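Student: Next up, entry.cif (mmCIF, C-alpha atoms and all ligand atoms).
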```cif
data_protein
#
loop_
_atom_site.group_PDB
_atom_site.id
_atom_site.type_symbol
_atom_site.label_atom_id
_atom_site.label_comp_id
_atom_site.auth_asym_id
_atom_site.auth_seq_id
_atom_site.Cartn_x
_atom_site.Cartn_y
_atom_site.Cartn_z
ATOM 1 C CA MET U 170 0.000 0.000 0.000
ATOM 2 C CA GLY U 171 1.410 3.389 -1.030
ATOM 3 C CA MET U 172 1.254 6.646 0.912
ATOM 4 C CA VAL U 173 -0.873 8.383 -1.730
ATOM 5 C CA ASP U 174 -2.761 5.490 -3.339
ATOM 6 C CA GLY U 175 -5.239 6.612 -6.007
ATOM 7 C CA LYS U 176 -4.701 10.325 -5.469
ATOM 8 C CA VAL U 177 -4.808 12.325 -8.708
ATOM 9 C CA CYS U 178 -1.839 14.711 -8.762
ATOM 10 C CA LEU U 179 -0.876 17.388 -11.274
ATOM 11 C CA VAL U 180 2.839 18.211 -11.344
ATOM 12 C CA THR U 181 3.885 21.184 -13.497
ATOM 13 C CA GLY U 182 7.396 21.519 -14.884
ATOM 14 C CA GLY U 183 8.004 17.775 -14.770
ATOM 15 C CA ALA U 184 10.183 17.446 -17.872
ATOM 16 C CA SER U 185 13.609 18.510 -16.651
ATOM 17 C CA ASN U 186 15.867 15.653 -15.566
ATOM 18 C CA PRO U 187 17.443 16.160 -13.125
ATOM 19 C CA GLY U 188 14.620 18.391 -11.943
ATOM 20 C CA LEU U 189 12.319 18.755 -8.960
ATOM 21 C CA GLY U 190 9.071 18.138 -10.883
ATOM 22 C CA HIS U 191 10.593 15.001 -12.405
ATOM 23 C CA ALA U 192 11.598 13.687 -8.972
ATOM 24 C CA ILE U 193 8.228 14.610 -7.419
ATOM 25 C CA ALA U 194 6.281 12.907 -10.220
ATOM 26 C CA HIS U 195 8.339 9.719 -9.803
ATOM 27 C CA LYS U 196 7.986 9.725 -6.019
ATOM 28 C CA LEU U 197 4.204 10.282 -6.004
ATOM 29 C CA ALA U 198 3.665 7.590 -8.635
ATOM 30 C CA ALA U 199 5.867 5.138 -6.731
ATOM 31 C CA GLU U 200 3.577 5.702 -3.737
ATOM 32 C CA GLY U 201 0.426 4.925 -5.728
ATOM 33 C CA ALA U 202 -0.669 8.284 -7.158
ATOM 34 C CA ILE U 203 -2.076 8.836 -10.641
ATOM 35 C CA VAL U 204 0.254 11.549 -11.908
ATOM 36 C CA VAL U 205 -0.340 14.084 -14.668
ATOM 37 C CA VAL U 206 2.992 15.595 -15.704
ATOM 38 C CA THR U 207 2.878 18.850 -17.647
ATOM 39 C CA ASP U 208 5.554 21.106 -19.112
ATOM 40 C CA VAL U 209 6.213 23.475 -22.011
ATOM 41 C CA ASP U 210 8.698 20.789 -23.005
ATOM 42 C CA ALA U 211 6.121 18.238 -24.177
ATOM 43 C CA GLU U 212 8.725 15.675 -25.195
ATOM 44 C CA GLY U 213 10.477 15.845 -21.814
ATOM 45 C CA ALA U 214 7.164 15.505 -19.972
ATOM 46 C CA ALA U 215 6.285 12.482 -22.108
ATOM 47 C CA THR U 216 9.653 10.916 -21.244
ATOM 48 C CA THR U 217 9.003 11.404 -17.521
ATOM 49 C CA ALA U 218 5.558 9.792 -17.813
ATOM 50 C CA ALA U 219 6.958 6.920 -19.884
ATOM 51 C CA GLU U 220 9.649 6.255 -17.248
ATOM 52 C CA ILE U 221 6.956 6.125 -14.557
ATOM 53 C CA VAL U 222 4.777 3.743 -16.546
ATOM 54 C CA ALA U 223 7.804 1.550 -17.298
ATOM 55 C CA ALA U 224 8.448 1.369 -13.553
ATOM 56 C CA GLY U 225 4.870 0.147 -12.972
ATOM 57 C CA GLY U 226 3.280 3.492 -12.040
ATOM 58 C CA GLN U 227 0.370 5.472 -13.472
ATOM 59 C CA ALA U 228 1.215 8.655 -15.354
ATOM 60 C CA GLU U 229 0.356 10.681 -18.386
ATOM 61 C CA ALA U 230 1.936 13.788 -19.880
ATOM 62 C CA TRP U 231 0.460 16.864 -21.474
ATOM 63 C CA GLU U 232 1.962 20.019 -22.888
ATOM 64 C CA GLN U 233 1.163 23.066 -20.739
ATOM 65 C CA ASP U 234 2.513 26.581 -20.485
ATOM 66 C CA VAL U 235 1.732 27.613 -16.907
ATOM 67 C CA THR U 236 1.539 31.278 -17.905
ATOM 68 C CA ASP U 237 -1.430 30.604 -20.192
ATOM 69 C CA GLU U 238 -4.833 30.834 -18.501
ATOM 70 C CA ALA U 239 -6.675 28.925 -21.228
ATOM 71 C CA GLY U 240 -4.077 26.150 -20.895
ATOM 72 C CA TRP U 241 -4.907 25.822 -17.192
ATOM 73 C CA ASP U 242 -8.618 25.609 -18.006
ATOM 74 C CA SER U 243 -8.112 22.849 -20.557
ATOM 75 C CA THR U 244 -5.635 20.912 -18.385
ATOM 76 C CA LEU U 245 -7.986 20.894 -15.405
ATOM 77 C CA ALA U 246 -11.046 20.135 -17.551
ATOM 78 C CA GLN U 247 -9.219 17.146 -19.000
ATOM 79 C CA ILE U 248 -8.273 15.917 -15.519
ATOM 80 C CA GLN U 249 -11.901 16.180 -14.403
ATOM 81 C CA THR U 250 -13.138 14.354 -17.491
ATOM 82 C CA GLN U 251 -10.593 11.561 -17.174
ATOM 83 C CA HIS U 252 -10.340 11.201 -13.410
ATOM 84 C CA GLY U 253 -13.301 13.076 -11.914
ATOM 85 C CA ARG U 254 -11.170 14.692 -9.224
ATOM 86 C CA LEU U 255 -7.926 16.459 -8.371
ATOM 87 C CA ASP U 256 -6.245 15.660 -5.056
ATOM 88 C CA ALA U 257 -3.053 17.657 -5.416
ATOM 89 C CA LEU U 258 -1.516 20.396 -7.512
ATOM 90 C CA ILE U 259 2.231 20.873 -7.332
ATOM 91 C CA ASN U 260 2.985 24.298 -8.807
ATOM 92 C CA ASN U 261 6.606 23.496 -9.551
ATOM 93 C CA ALA U 262 7.368 24.953 -13.008
ATOM 94 C CA GLY U 263 9.763 27.861 -12.838
ATOM 95 C CA ILE U 264 12.659 29.749 -14.338
ATOM 96 C CA ALA U 265 15.550 31.672 -12.784
ATOM 97 C CA ILE U 266 16.609 34.961 -14.347
ATOM 98 C CA LEU U 267 19.719 35.805 -12.351
ATOM 99 C CA LYS U 268 20.893 39.376 -12.912
ATOM 100 C CA THR U 269 22.067 42.177 -10.657
ATOM 101 C CA LEU U 270 19.878 45.273 -10.332
ATOM 102 C CA PRO U 271 21.513 47.379 -13.090
ATOM 103 C CA GLU U 272 21.400 44.458 -15.533
ATOM 104 C CA LEU U 273 17.776 43.531 -14.883
ATOM 105 C CA THR U 274 15.363 44.821 -17.532
ATOM 106 C CA LEU U 275 11.645 45.369 -17.079
ATOM 107 C CA ALA U 276 11.074 42.550 -19.547
ATOM 108 C CA ASP U 277 13.219 40.194 -17.403
ATOM 109 C CA TYR U 278 11.355 41.233 -14.278
ATOM 110 C CA ASN U 279 7.928 40.809 -15.858
ATOM 111 C CA ARG U 280 8.863 37.426 -17.326
ATOM 112 C CA GLN U 281 10.162 36.224 -13.963
ATOM 113 C CA MET U 282 6.948 37.281 -12.223
ATOM 114 C CA LEU U 283 4.744 35.759 -14.932
ATOM 115 C CA VAL U 284 6.352 32.313 -14.892
ATOM 116 C CA ASN U 285 7.090 31.977 -11.161
ATOM 117 C CA MET U 286 4.264 33.942 -9.523
ATOM 118 C CA THR U 287 1.318 34.632 -11.858
ATOM 119 C CA SER U 288 1.297 30.951 -12.853
ATOM 120 C CA VAL U 289 0.916 30.009 -9.187
ATOM 121 C CA PHE U 290 -2.108 32.311 -8.894
ATOM 122 C CA LEU U 291 -3.700 30.839 -12.026
ATOM 123 C CA GLY U 292 -3.109 27.217 -11.070
ATOM 124 C CA THR U 293 -4.159 27.638 -7.456
ATOM 125 C CA GLN U 294 -7.340 29.532 -8.309
ATOM 126 C CA LYS U 295 -8.434 26.935 -10.828
ATOM 127 C CA ALA U 296 -7.402 23.878 -8.780
ATOM 128 C CA VAL U 297 -9.226 25.175 -5.695
ATOM 129 C CA ALA U 298 -12.357 25.651 -7.832
ATOM 130 C CA VAL U 299 -12.164 22.010 -9.006
ATOM 131 C CA MET U 300 -11.542 20.744 -5.456
ATOM 132 C CA ARG U 301 -14.508 22.744 -4.126
ATOM 133 C CA GLU U 302 -16.804 21.565 -6.903
ATOM 134 C CA THR U 303 -15.952 17.923 -6.236
ATOM 135 C CA GLY U 304 -15.706 18.202 -2.433
ATOM 136 C CA VAL U 305 -12.074 17.078 -2.381
ATOM 137 C CA LYS U 306 -9.909 18.080 0.583
ATOM 138 C CA GLY U 307 -6.924 18.596 -1.654
ATOM 139 C CA SER U 308 -3.336 19.720 -1.184
ATOM 140 C CA ILE U 309 -1.690 22.528 -3.111
ATOM 141 C CA ILE U 310 2.068 22.848 -2.991
ATOM 142 C CA ASN U 311 3.650 26.037 -4.255
ATOM 143 C CA MET U 312 7.362 25.919 -4.946
ATOM 144 C CA SER U 313 9.102 28.894 -3.365
ATOM 145 C CA SER U 314 12.810 29.087 -2.487
ATOM 146 C CA VAL U 315 15.219 30.018 0.287
ATOM 147 C CA ALA U 316 15.910 33.021 -1.971
ATOM 148 C CA ALA U 317 12.560 34.382 -0.735
ATOM 149 C CA LEU U 318 13.785 34.213 2.870
ATOM 150 C CA VAL U 319 17.359 35.571 2.712
ATOM 151 C CA GLY U 320 19.136 37.983 0.384
ATOM 152 C CA VAL U 321 21.100 36.394 -2.448
ATOM 153 C CA PRO U 322 22.853 38.689 -4.955
ATOM 154 C CA ALA U 323 21.496 38.649 -8.526
ATOM 155 C CA CYS U 324 18.222 37.100 -7.363
ATOM 156 C CA SER U 325 16.035 40.187 -6.899
ATOM 157 C CA ALA U 326 13.337 39.397 -9.483
ATOM 158 C CA TYR U 327 13.451 35.681 -8.650
ATOM 159 C CA ALA U 328 13.161 36.464 -4.922
ATOM 160 C CA ALA U 329 10.317 38.924 -5.523
ATOM 161 C CA ALA U 330 8.362 36.225 -7.339
ATOM 162 C CA LYS U 331 9.160 33.521 -4.773
ATOM 163 C CA GLY U 332 8.376 35.911 -1.907
ATOM 164 C CA GLY U 333 5.056 36.701 -3.553
ATOM 165 C CA VAL U 334 4.353 32.977 -3.597
ATOM 166 C CA ILE U 335 4.650 32.892 0.212
ATOM 167 C CA GLY U 336 2.113 35.650 0.897
ATOM 168 C CA PHE U 337 -0.218 34.315 -1.766
ATOM 169 C CA THR U 338 -0.045 30.768 -0.358
ATOM 170 C CA LYS U 339 -0.695 31.851 3.232
ATOM 171 C CA THR U 340 -3.716 33.888 2.131
ATOM 172 C CA ILE U 341 -5.193 30.994 0.151
ATOM 173 C CA ALA U 342 -4.524 28.677 3.107
ATOM 174 C CA ALA U 343 -6.573 31.038 5.253
ATOM 175 C CA GLU U 344 -9.368 31.171 2.674
ATOM 176 C CA THR U 345 -9.597 27.377 2.229
ATOM 177 C CA ALA U 346 -8.730 25.925 5.660
ATOM 178 C CA ALA U 347 -12.353 25.490 6.775
ATOM 179 C CA GLU U 348 -12.972 23.286 3.723
ATOM 180 C CA GLY U 349 -9.964 21.088 4.491
ATOM 181 C CA ILE U 350 -8.089 22.262 1.390
ATOM 182 C CA ARG U 351 -4.436 22.848 2.262
ATOM 183 C CA CYS U 352 -1.892 25.155 0.687
ATOM 184 C CA ASN U 353 1.792 25.137 1.657
ATOM 185 C CA THR U 354 5.139 26.262 0.277
ATOM 186 C CA ILE U 355 8.359 24.316 -0.118
ATOM 187 C CA HIS U 356 11.619 26.261 0.033
ATOM 188 C CA PRO U 357 14.480 24.317 -1.529
ATOM 189 C CA GLY U 358 18.034 25.444 -0.918
ATOM 190 C CA LEU U 359 20.642 24.362 -3.455
ATOM 191 C CA ILE U 360 19.328 21.270 -5.190
ATOM 192 C CA ASP U 361 21.158 19.559 -8.013
ATOM 193 C CA THR U 362 18.901 20.124 -11.034
ATOM 194 C CA ASN U 363 19.313 21.523 -14.521
ATOM 195 C CA MET U 364 18.320 24.942 -13.140
ATOM 196 C CA GLN U 365 21.236 24.915 -10.669
ATOM 197 C CA ARG U 366 23.601 23.562 -13.302
ATOM 198 C CA GLN U 367 22.623 26.531 -15.484
ATOM 199 C CA SER U 368 23.078 28.986 -12.600
ATOM 200 C CA SER U 369 26.642 27.705 -12.165
ATOM 201 C CA VAL U 370 27.201 29.017 -15.694
ATOM 202 C CA ASP U 371 25.184 32.268 -15.390
ATOM 203 C CA ASN U 372 26.403 33.292 -11.967
ATOM 204 C CA PRO U 373 29.568 31.258 -11.248
ATOM 205 C CA GLU U 374 31.020 33.288 -8.355
ATOM 206 C CA GLU U 375 27.811 33.317 -6.334
ATOM 207 C CA TYR U 376 27.248 29.626 -7.101
ATOM 208 C CA VAL U 377 30.652 28.632 -5.694
ATOM 209 C CA LYS U 378 30.129 30.822 -2.606
ATOM 210 C CA LEU U 379 26.672 29.433 -1.910
ATOM 211 C CA ASN U 380 27.774 25.833 -2.327
ATOM 212 C CA ALA U 381 30.631 26.346 0.087
ATOM 213 C CA ALA U 382 28.153 27.793 2.601
ATOM 214 C CA VAL U 383 25.936 24.697 2.852
ATOM 215 C CA PRO U 384 26.525 23.404 6.412
ATOM 216 C CA MET U 385 25.815 19.809 5.380
ATOM 217 C CA GLY U 386 28.586 20.190 2.809
ATOM 218 C CA TYR U 387 26.785 19.100 -0.334
ATOM 219 C CA MET U 388 24.107 20.112 -2.789
ATOM 220 C CA GLY U 389 20.795 18.342 -2.091
ATOM 221 C CA PRO U 390 19.520 15.619 -4.389
ATOM 222 C CA PRO U 391 16.048 16.257 -5.957
ATOM 223 C CA GLN U 392 14.794 13.297 -3.910
ATOM 224 C CA THR U 393 14.888 15.433 -0.743
ATOM 225 C CA ILE U 394 12.278 17.788 -2.210
ATOM 226 C CA ALA U 395 10.214 14.898 -3.586
ATOM 227 C CA ASP U 396 10.043 13.417 -0.071
ATOM 228 C CA ALA U 397 8.667 16.723 1.276
ATOM 229 C CA ALA U 398 6.095 16.902 -1.526
ATOM 230 C CA LEU U 399 5.023 13.331 -0.801
ATOM 231 C CA PHE U 400 4.464 14.255 2.843
ATOM 232 C CA LEU U 401 2.400 17.328 1.896
ATOM 233 C CA VAL U 402 0.234 15.371 -0.550
ATOM 234 C CA SER U 403 -0.247 12.473 1.873
ATOM 235 C CA ASP U 404 -2.682 12.184 4.765
ATOM 236 C CA LEU U 405 0.269 12.541 7.169
ATOM 237 C CA SER U 406 0.001 16.319 6.780
ATOM 238 C CA THR U 407 -3.777 16.854 6.979
ATOM 239 C CA TYR U 408 -3.426 19.418 9.823
ATOM 240 C CA MET U 409 -0.750 21.437 8.019
ATOM 241 C CA THR U 410 -1.615 24.504 5.969
ATOM 242 C CA GLY U 411 -0.046 27.897 5.329
ATOM 243 C CA ALA U 412 3.313 26.439 6.344
ATOM 244 C CA GLN U 413 6.777 26.906 4.867
ATOM 245 C CA MET U 414 8.956 23.804 4.560
ATOM 246 C CA VAL U 415 12.632 24.755 4.258
ATOM 247 C CA ILE U 416 14.845 21.968 2.900
ATOM 248 C CA ASP U 417 18.357 23.310 2.468
ATOM 249 C CA GLY U 418 21.015 21.318 4.319
ATOM 250 C CA GLY U 419 21.073 24.086 6.943
ATOM 251 C CA LEU U 420 21.941 26.833 4.430
ATOM 252 C CA ILE U 421 19.812 29.588 5.978
ATOM 253 C CA ASN U 422 20.109 28.363 9.554
ATOM 254 C CA GLN U 423 22.610 31.056 10.448
HETATM 255 N N1 LIG U 501 16.994 23.566 -7.946
HETATM 256 C C1 LIG U 501 17.038 24.387 -6.944
HETATM 257 O O1 LIG U 501 18.056 24.494 -6.255
HETATM 258 C C2 LIG U 501 15.835 25.211 -6.581
HETATM 259 C C3 LIG U 501 15.922 25.988 -5.422
HETATM 260 C C4 LIG U 501 14.819 26.738 -5.039
HETATM 261 C C5 LIG U 501 13.660 26.706 -5.783
HETATM 262 N N2 LIG U 501 13.603 25.944 -6.912
HETATM 263 C C6 LIG U 501 12.341 25.962 -7.664
HETATM 264 O O2 LIG U 501 11.902 24.635 -7.907
HETATM 265 C C7 LIG U 501 11.181 24.578 -9.142
HETATM 266 C C8 LIG U 501 11.780 23.512 -10.044
HETATM 267 O O3 LIG U 501 13.127 23.891 -10.296
HETATM 268 P P1 LIG U 501 14.198 22.907 -10.959
HETATM 269 O O4 LIG U 501 15.457 23.182 -10.248
HETATM 270 O O5 LIG U 501 13.671 21.535 -11.073
HETATM 271 O O6 LIG U 501 14.294 23.612 -12.407
HETATM 272 P P2 LIG U 501 14.511 22.982 -13.859
HETATM 273 O O7 LIG U 501 14.909 24.143 -14.723
HETATM 274 O O8 LIG U 501 15.401 21.822 -13.775
HETATM 275 O O9 LIG U 501 13.040 22.528 -14.255
HETATM 276 C C9 LIG U 501 12.011 23.476 -14.434
HETATM 277 C C10 LIG U 501 10.976 22.914 -15.384
HETATM 278 O O10 LIG U 501 9.957 23.920 -15.556
HETATM 279 C C11 LIG U 501 9.605 23.951 -16.925
HETATM 280 N N3 LIG U 501 9.035 25.252 -17.273
HETATM 281 C C12 LIG U 501 9.664 26.461 -17.371
HETATM 282 N N4 LIG U 501 8.796 27.403 -17.760
HETATM 283 C C13 LIG U 501 7.589 26.802 -17.918
HETATM 284 C C14 LIG U 501 6.303 27.240 -18.306
HETATM 285 N N5 LIG U 501 6.075 28.512 -18.648
HETATM 286 N N6 LIG U 501 5.276 26.347 -18.326
HETATM 287 C C15 LIG U 501 5.488 25.056 -17.998
HETATM 288 N N7 LIG U 501 6.698 24.566 -17.646
HETATM 289 C C16 LIG U 501 7.732 25.428 -17.601
HETATM 290 C C17 LIG U 501 10.907 23.691 -17.674
HETATM 291 O O11 LIG U 501 10.680 23.278 -19.014
HETATM 292 C C18 LIG U 501 11.529 22.617 -16.790
HETATM 293 O O12 LIG U 501 11.139 21.326 -17.192
HETATM 294 C C19 LIG U 501 11.229 25.982 -9.730
HETATM 295 O O13 LIG U 501 10.056 26.685 -9.395
HETATM 296 C C20 LIG U 501 12.439 26.600 -9.037
HETATM 297 O O14 LIG U 501 12.376 27.995 -9.001
HETATM 298 C C21 LIG U 501 14.662 25.210 -7.329
#
```
Now, as a test, write the supplied structure out as structure tokens.
Tutor:
Amino acid sequence: MGMVDGKVCLVTGGASNPGLGHAIAHKLAAEGAIVVVTDVDAEGAATTAAEIVAAGGQAEAWEQDVTDEAGWDSTLAQIQTQHGRLDALINNAGIAILKTLPELTLADYNRQMLVNMTSVFLGTQKAVAVMRETGVKGSIINMSSVAALVGVPACSAYAAAKGGVIGFTKTIAAETAAEGIRCNTIHPGLIDTNMQRQSSVDNPEEYVKLNAAVPMGYMGPPQTIADAALFLVSDLSTYMTGAQMVIDGGLINQ
């Protein structure tokens, strides 16, 4: 018996490997969930779903741009048609535009907010509507970052978006708690994914400094975040909402 048997879970940004959505999708499926993996990278999402199915799990993959409202409507309508319910939404898709203040353009800033913050609003609003309509006490997980909690150079737009995700999540948690719908944030530190590998190229000095500062001495594997997501989707966390889970090897514990 798995920890999330039969729960229908939508994981956005599940194509990248190594990536957090990829690891979360695998973990939830291994614990019995029916996983819908979406991404702008349709081929990558399909690969993730195929890996899950090959391992004996239940998954399907659809193309979705999380910044597109109509795309959210069709994704959720398709989930309702096929599965009749949605138990969890993991708003994981994201990008990192890492530039210092003078380098950052308005277009960069707006793009960062659109992909990492506005998408979370769209997905949460529409998933909560589906959960309410079907009477499901669902779990919404919004991916924030330790960059929303401490200052990291060249992360201002990224941190603004991830900080916005915190306030948004807490407000929705307050609005939905009486219905048993839960909404929490996860705050990864430095986790070894394609995004971090790219940041080592974009922002090499800061990357080396941050890595050296991790008290546990190593960059976290994506599995550590997948374990937290599993907990938040599962019935082990039914009394937890509006909370911030920091998973960072002790990075901001100073
Ligand atoms: N890796 C880390 O150390 C770290 C730390 C803190 C927070 N995070 C957050 O965790 C989440 C996942 O990060 P990751 O490290 O796995 O990144 P990643 O770049 O490896 O994967 C991100 C995925 O999101 C997808 N994506 C990007 N824009 C999209 C869009 N508009 N619509 C749909 N999909 C889109 C990409 O195609 C990719 O598959 C992000 O929100 C990121 O900000 C990561």
Student: Step by step: start from the point (16.9, 22.0, 3.2) in the file's coordinates, keep every protein, DNA or RNA residue that has an atom no farther than 12 Å from it, count only C-alpha atoms, and write the set as number ranges by chain.
Tutor: U: 314-315, 355-360, 383-397, 413-422
Student: Need the axis-aligned box for ligand LIG 501 (chain U) with 8 Å each side, so what are the centre and edges in Å to one decimal, as JSON?
Tutor:
```
{"center_x": 11.7, "center_y": 24.9, "center_z": -12.0, "size_x": 28.8, "size_y": 23.2, "size_z": 30.0}
```
Student: Which residues of chain U come within 8 Å of ligand LIG 501 (chain U), and for each one, what is the closest pair of atoms and their distance in Å to one decimal, counting all atoms listed in the file, sorted by chain and residue number, as a Markdown table?
Tutor:
```
| residue | atom | partner | partner_atom | distance |
| --- | --- | --- | --- | --- |
| U:Thr181 | CA | U:LIG501 | N7 | 6.0 |
| U:Gly182 | CA | U:LIG501 | O10 | 3.6 |
| U:Gly183 | CA | U:LIG501 | O12 | 5.3 |
| U:Ala184 | CA | U:LIG501 | O12 | 4.1 |
| U:Ser185 | CA | U:LIG501 | O12 | 3.8 |
| U:Asn186 | CA | U:LIG501 | O8 | 6.4 |
| U:Pro187 | CA | U:LIG501 | O8 | 6.1 |
| U:Gly188 | CA | U:LIG501 | O5 | 3.4 |
| U:Leu189 | CA | U:LIG501 | O5 | 3.7 |
| U:Gly190 | CA | U:LIG501 | O5 | 5.7 |
| U:His191 | CA | U:LIG501 | O5 | 7.3 |
| U:Thr207 | CA | U:LIG501 | C15 | 6.7 |
| U:Asp208 | CA | U:LIG501 | N7 | 3.9 |
| U:Val209 | CA | U:LIG501 | C15 | 4.4 |
| U:Asp210 | CA | U:LIG501 | O11 | 5.1 |
| U:Gly213 | CA | U:LIG501 | O12 | 7.2 |
| U:Ala214 | CA | U:LIG501 | O12 | 7.6 |
| U:Glu232 | CA | U:LIG501 | C15 | 7.9 |
| U:Gln233 | CA | U:LIG501 | C15 | 5.5 |
| U:Asp234 | CA | U:LIG501 | N6 | 3.5 |
| U:Val235 | CA | U:LIG501 | N6 | 4.0 |
| U:Thr236 | CA | U:LIG501 | N5 | 5.4 |
| U:Asp237 | CA | U:LIG501 | N5 | 7.9 |
| U:Asn260 | CA | U:LIG501 | O13 | 7.5 |
| U:Asn261 | CA | U:LIG501 | O13 | 4.7 |
| U:Ala262 | CA | U:LIG501 | O10 | 3.8 |
| U:Gly263 | CA | U:LIG501 | O13 | 3.7 |
| U:Ile264 | CA | U:LIG501 | C12 | 5.4 |
| U:Ala265 | CA | U:LIG501 | O14 | 6.2 |
| U:Val284 | CA | U:LIG501 | N5 | 5.4 |
| U:Asn285 | CA | U:LIG501 | O13 | 6.3 |
| U:Ser288 | CA | U:LIG501 | N5 | 7.9 |
| U:Met312 | CA | U:LIG501 | O13 | 5.3 |
| U:Ser313 | CA | U:LIG501 | C5 | 5.6 |
| U:Ser314 | CA | U:LIG501 | C4 | 4.0 |
| U:Val315 | CA | U:LIG501 | C4 | 6.3 |
| U:Ala316 | CA | U:LIG501 | C4 | 7.1 |
| U:Tyr327 | CA | U:LIG501 | O14 | 7.8 |
| U:Lys331 | CA | U:LIG501 | O14 | 7.7 |
| U:His356 | CA | U:LIG501 | C4 | 6.0 |
| U:Pro357 | CA | U:LIG501 | C4 | 4.3 |
| U:Gly358 | CA | U:LIG501 | C3 | 5.0 |
| U:Leu359 | CA | U:LIG501 | O1 | 3.8 |
| U:Ile360 | CA | U:LIG501 | O1 | 3.6 |
| U:Asp361 | CA | U:LIG501 | N1 | 5.8 |
| U:Thr362 | CA | U:LIG501 | O4 | 4.7 |
| U:Asn363 | CA | U:LIG501 | O8 | 4.0 |
| U:Met364 | CA | U:LIG501 | O7 | 3.8 |
| U:Gln365 | CA | U:LIG501 | N1 | 5.2 |
| U:Gly389 | CA | U:LIG501 | O1 | 7.9 |
| U:Pro391 | CA | U:LIG501 | N1 | 7.6 |
```
Student: For Val297 (chain U), list every protein, DNA or RNA residue within 9 Å, evaluated using only C-alpha atoms, and leave out those in the same chain fewer than 3 positions away; present the list as a PDB file with C-alpha atoms, keeping the file's coordinate frame.
Tutor:
```
ATOM      1  CA  GLY U 292      -3.109  27.217 -11.070  1.00  0.00           C
ATOM      2  CA  THR U 293      -4.159  27.638  -7.456  1.00  0.00           C
ATOM      3  CA  GLN U 294      -7.340  29.532  -8.309  1.00  0.00           C
ATOM      4  CA  MET U 300     -11.542  20.744  -5.456  1.00  0.00           C
ATOM      5  CA  ARG U 301     -14.508  22.744  -4.126  1.00  0.00           C
ATOM      6  CA  GLU U 302     -16.804  21.565  -6.903  1.00  0.00           C
ATOM      7  CA  GLY U 307      -6.924  18.596  -1.654  1.00  0.00           C
ATOM      8  CA  ILE U 309      -1.690  22.528  -3.111  1.00  0.00           C
ATOM      9  CA  THR U 345      -9.597  27.377   2.229  1.00  0.00           C
ATOM     10  CA  ILE U 350      -8.089  22.262   1.390  1.00  0.00           C
TER      11      ILE U 350
END
```
Student: To one decimal place in Å, what is the distance between CA of Asp256 (chain U) and CA of Leu179 (chain U)?
Tutor: 8.4 Å
Student: Report, in Å with one decimal, the straight-line distance from CA of Gly333 (chain U) to CA of Ala347 (chain U).
Tutor: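 Calculated distance between CA of Gly333 (chain U) and CA of Ala347 (chain U) is 23.1 Å.
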Student: Would you compute the distance between CA of Ala398 (chain U) and CA of Trp231 (chain U)? Give it in Å to one decimal.
Tutor: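 For CA of Ala398 (chain U) relative to CA of Trp231 (chain U), the distance reads 20.7 Å.
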Student: Here's a test: counting all atoms listed in the file, identify every protein, DNA and RNA residue with an atom at most 8 Å from (22.1, 39.9, -10.0) in the file's coordinate frame, and state them as a list in words.
Tutor: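 The distance filter leaves exactly Leu267, Lys268, Thr269, Leu270, Glu272, Leu273, Pro322, Ala323, Cys324 and Ser325 of chain U.
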Student: Using C-alpha atoms, can you write the selected residues to a file as an mmCIF file, keeping the file's coordinate frame?
Tutor:
```cif
data_model
loop_
_atom_site.group_PDB
_atom_site.id
_atom_site.type_symbol
_atom_site.label_atom_id
_atom_site.label_comp_id
_atom_site.auth_asym_id
_atom_site.auth_seq_id
_atom_site.Cartn_x
_atom_site.Cartn_y
_atom_site.Cartn_z
ATOM 1 C CA LEU U 267 19.719 35.805 -12.351
ATOM 2 C CA LYS U 268 20.893 39.376 -12.912
ATOM 3 C CA THR U 269 22.067 42.177 -10.657
ATOM 4 C CA LEU U 270 19.878 45.273 -10.332
ATOM 5 C CA GLU U 272 21.400 44.458 -15.533
ATOM 6 C CA LEU U 273 17.776 43.531 -14.883
ATOM 7 C CA PRO U 322 22.853 38.689 -4.955
ATOM 8 C CA ALA U 323 21.496 38.649 -8.526
ATOM 9 C CA CYS U 324 18.222 37.100 -7.363
ATOM 10 C CA SER U 325 16.035 40.187 -6.899
#
```
Student: Calculated over all atoms listed in the file, which of the candidates U:Ile266, U:Ala211, U:Val180, U:Ala224 has the smallest distance to Asn372 (chain U)?
Tutor: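 With all atoms listed in the file as the atom set, the closest residue is U:Ile266.
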Student: Closest to Ala276 (chain U) among U:Ala326, U:Ile248, U:Ala412, U:Ala228, using only C-alpha atoms?
Tutor: U:Ala326
Student: Would you translate the PyMOL selection byres (((chain U and resi 334) around 8) and not hetatm) into the concrete set of residues it matches in this file, as a PyMOL selection string?
Tutor: chain U and resi 286+289+311-313+330-333+335-338+354
Student: Starting from the shown file, work through the PyMOL selection byres (((chain U and resi 197) around 10) and not hetatm) and note down what comes out as a ChimeraX atom specification.
Tutor: /U:171-174,176-178,180,192-196,198-204,221,226-228,395-396,398-400,402-403
Student: Looking at U:Lys339, U:Arg254, U:Ile259, U:Ser369, which one is nearest to Val206 (chain U), with distances taken over only C-alpha atoms?
Tutor: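 Among the listed residues, U:Ile259 lies closest to Val206 (chain U).
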Student: For the structure provided, state which residues fall under the PyMOL selection byres (((chain U and resi 245) around 9) and not hetatm), and present them as a ChimeraX atom specification.
Tutor: /U:179,240-244,246-250,255,295-296,299
Student: Kindly indicate which residue among U:Ala317, U:Met409, U:Ala329, U:Leu401 lies nearest to Ala346 (chain U), using only C-alpha atoms for the distances.
Tutor: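 Selected residue with least distance to Ala346 (chain U): U:Met409.
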